[in-house]
Structure formats: C-alpha cells, structure tokens
Amino acid sequence: MPIEKTPEKNAILFVWFNHYAGVLIKTPSKTLVIDPVDIRARSFPNADAVLITHEHYDHLDPRLITEIQKATDCTIIADPASTQRLQHAIPPEKLQQIRPDEEIKVGEVSVKAEKCNHPAAAPVTYIVTSEDGVKVFHTADSMPFPELAAIGEREKFDVVFCTVGIAPGTSPETGFEIARLTKPQVAVPYHTNSAAYQHKFAEILKKELPRTACLIPELNKIYQVSKRK
Ligand SMILES: [Zn+2]
C-alpha cells in the first residue's frame, strides 16, 4: 500500500486501511498515519508522523508503532494515556503528548487536538491542516458532542471522518450527527465493517445534508480531496 503518488496543489490524498480509524493522510510535503493497527509497518515507509487518538486496542498497537518509528524515524503524537504506554519504546525526543486545544507542527502541516466523546482515558480527535490549508477532521471513534458545531463553523472542513459502528453507542445516525454538526465538504463514514451501515449513513446524509458529499471509502484505496472553493 505505500503511496508513491503526491497530491496536487491544494489537495490531500487519504487511504482508509483498517475497519477502525486507520487513516493515512498525504499532503504535498508530509505523510501522516493515524491509529495504525491490523497492518504491516512496511506499509508506511515514508511516515513523517504517527498520530494516536486513544489507548484502545483498535487504535493503539505499541509494537507496530515502535516498528514504524524505528524504520522511518518519524514523530509520534499521542493522547496522554497512549503516550504513557509508548514512553519506554519511543525515544523521548520523538514522542509528543497532545491534549485537546494543543497544536503540534509537522513541518508546515498543523496537527491540532480536539475533544473526543468516547469512553477512553484521555482520547482526542485531530484536525490536520495541510500546508495549502486543506482541512481534515479525524474524529477517532467519537460520538457526537455539542462543541462540534463551533469547531465546524471555525474550521470549514474539507473532509470529516464519521464513525458509524463498532464503538459503544455509535451508529449511522450518530455518524450523521457528526457530519450535521461539522458540515464538511465531504463526509466519510468509517470505523465499521458493515457496508450497509455506510450506505445507511449516505442515505441520511443525502436527505438531510444535501450540500455535503458522501465518500464511502474502500479499504486501501487512494482518494484525493481538494480544498473547497
Ligand atoms: Zn475504535
């Protein structure tokens, strides 16, 4: 799966690579990998940073992260609980803890943490802004929460990843609620192994939020999204 391609200007590429929140984002200058599990380290030979949202097994695999870090010398950015789990495996200068409202730069790419509504120790969601200003909101496996409306208003997202299953309390309806609150250009239903759930999400979105496009991702396929006009 290593992505050789580079996105066009004012665009990003992304790949969804497991049934959870595993997403690779490639900007013109950087490659970011979020919550890698159920995949081989060699899938990410060009990783500049790995971002971890929380310590659950479907998001944090310390052995895999250690392997990716050793092979690429990338930076690991993680919520406090995951940071603690990683601190004996990752060189301290390569491990950066992040909490909601904090921002870390990966070159010209901005990684900002926001709150996450999920029963984990100290989970975060991530806003990734490319050097061209393309805005991606990776909501981990969060349930909706009211502050999403203000975040969406402020950021004007190009892409928002919306959990539609597996995690406690989540469904196509809660995934849609995340899209409704954040109003992105493109909404991506993920964190599921049910195509039916993704299609249900698409159906609700089309009816209730027709200005947001639905992109149902296939695993390990590359998608390009451009900045909204
Ligand atoms: Zn999960």
# chains A, B, ... in the order shown; residues from 1 in each chain; ligands from 1
$ residues_near_ligand --ligand "ligand 1" --cutoff "7 Å" --atoms "only C-alpha atoms and all ligand atoms" --output "ChimeraX atom specification"
/A:20-21,56,58-59,140-141,166-167,191
$ closest_atom_pairs --of "stretch 103-211 of chain A" --to "stretch 30-52 of chain A" --cutoff "10 Å" --atoms "only C-alpha atoms" --output "JSON lines"
{"residue": "A:Val106", "atom": "CA", "partner": "A:Ala49", "partner_atom": "CA", "distance": 7.3}
{"residue": "A:Gly107", "atom": "CA", "partner": "A:Lys30", "partner_atom": "CA", "distance": 7.7}
{"residue": "A:Glu108", "atom": "CA", "partner": "A:Lys30", "partner_atom": "CA", "distance": 8.5}
{"residue": "A:Val109", "atom": "CA", "partner": "A:Lys30", "partner_atom": "CA", "distance": 7.3}
{"residue": "A:Val111", "atom": "CA", "partner": "A:Leu51", "partner_atom": "CA", "distance": 8.9}
{"residue": "A:Pro123", "atom": "CA", "partner": "A:Ile52", "partner_atom": "CA", "distance": 8.9}
{"residue": "A:Val124", "atom": "CA", "partner": "A:Ile52", "partner_atom": "CA", "distance": 8.3}
{"residue": "A:Thr125", "atom": "CA", "partner": "A:Ile52", "partner_atom": "CA", "distance": 9.0}
{"residue": "A:Tyr126", "atom": "CA", "partner": "A:Leu51", "partner_atom": "CA", "distance": 8.3}
{"residue": "A:Val128", "atom": "CA", "partner": "A:Leu32", "partner_atom": "CA", "distance": 9.1}
{"residue": "A:Ser130", "atom": "CA", "partner": "A:Lys30", "partner_atom": "CA", "distance": 8.5}
{"residue": "A:Glu131", "atom": "CA", "partner": "A:Lys30", "partner_atom": "CA", "distance": 9.1}
{"residue": "A:His138", "atom": "CA", "partner": "A:Ile34", "partner_atom": "CA", "distance": 8.5}
{"residue": "A:Ala140", "atom": "CA", "partner": "A:Asp35", "partner_atom": "CA", "distance": 8.3}
$ closest_residue --among "A:Ser110, A:Thr212, A:Thr53, A:Thr182" --to "A:Ala149" --atoms "only C-alpha atoms"
A:Thr182
$ closest_residue --among "A:Arg180, A:Thr192, A:Thr170, A:Lys5" --to "A:Lys207" --atoms "only C-alpha atoms"
A:Arg180
$ residues_around --residues "A:Val225" --least-positions-apart "4" --cutoff "8 Å" --atoms "only C-alpha atoms" --output "PyMOL selection string"
chain A and resi 11-13+158-159
$ write_last_selection --atoms "N, CA and C atoms" --output "PDB file, in the first residue's frame"
ATOM      1  N   ALA A  11      -4.649  20.076  -2.408  1.00  0.00           N
ATOM      2  CA  ALA A  11      -5.368  18.815  -2.233  1.00  0.00           C
ATOM      3  C   ALA A  11      -4.591  17.919  -1.266  1.00  0.00           C
ATOM      4  N   ILE A  12      -5.276  16.902  -0.757  1.00  0.00           N
ATOM      5  CA  ILE A  12      -4.621  15.863   0.031  1.00  0.00           C
ATOM      6  C   ILE A  12      -5.061  14.513  -0.524  1.00  0.00           C
ATOM      7  N   LEU A  13      -4.269  13.501  -0.232  1.00  0.00           N
ATOM      8  CA  LEU A  13      -4.680  12.134  -0.509  1.00  0.00           C
ATOM      9  C   LEU A  13      -4.966  11.470   0.823  1.00  0.00           C
ATOM     10  N   ASP A 158     -12.829  20.435   4.941  1.00  0.00           N
ATOM     11  CA  ASP A 158     -12.974  19.796   3.638  1.00  0.00           C
ATOM     12  C   ASP A 158     -13.422  18.346   3.815  1.00  0.00           C
ATOM     13  N   VAL A 159     -12.820  17.639   4.757  1.00  0.00           N
ATOM     14  CA  VAL A 159     -13.161  16.229   4.984  1.00  0.00           C
ATOM     15  C   VAL A 159     -13.380  15.981   6.474  1.00  0.00           C
TER      16      VAL A 159
END
$ closest_residue --among "A:Asn193, A:Thr72, A:Gln185, A:Thr174" --to "A:Val136" --atoms "only C-alpha atoms"
A:Gln185
$ atom_distance --atom1 "atom CA of A:Thr6" --atom2 "atom CA of A:Gln224"
9.7 Å
$ residues_around --residues "A:Tyr190" --least-positions-apart "6" --cutoff "9 Å" --atoms "only C-alpha atoms" --output "PyMOL selection string"
chain A and resi 16+19-21+141+161-165+175+198+216-217
$ closest_residue --among "A:Asn117, A:Val23, A:Ala122, A:Asp73" --to "A:Glu55" --atoms "only C-alpha atoms"
A:Ala122
$ atom_distance --atom1 "atom CA of A:Glu93" --atom2 "atom CA of A:Leu64"
18.6 Å
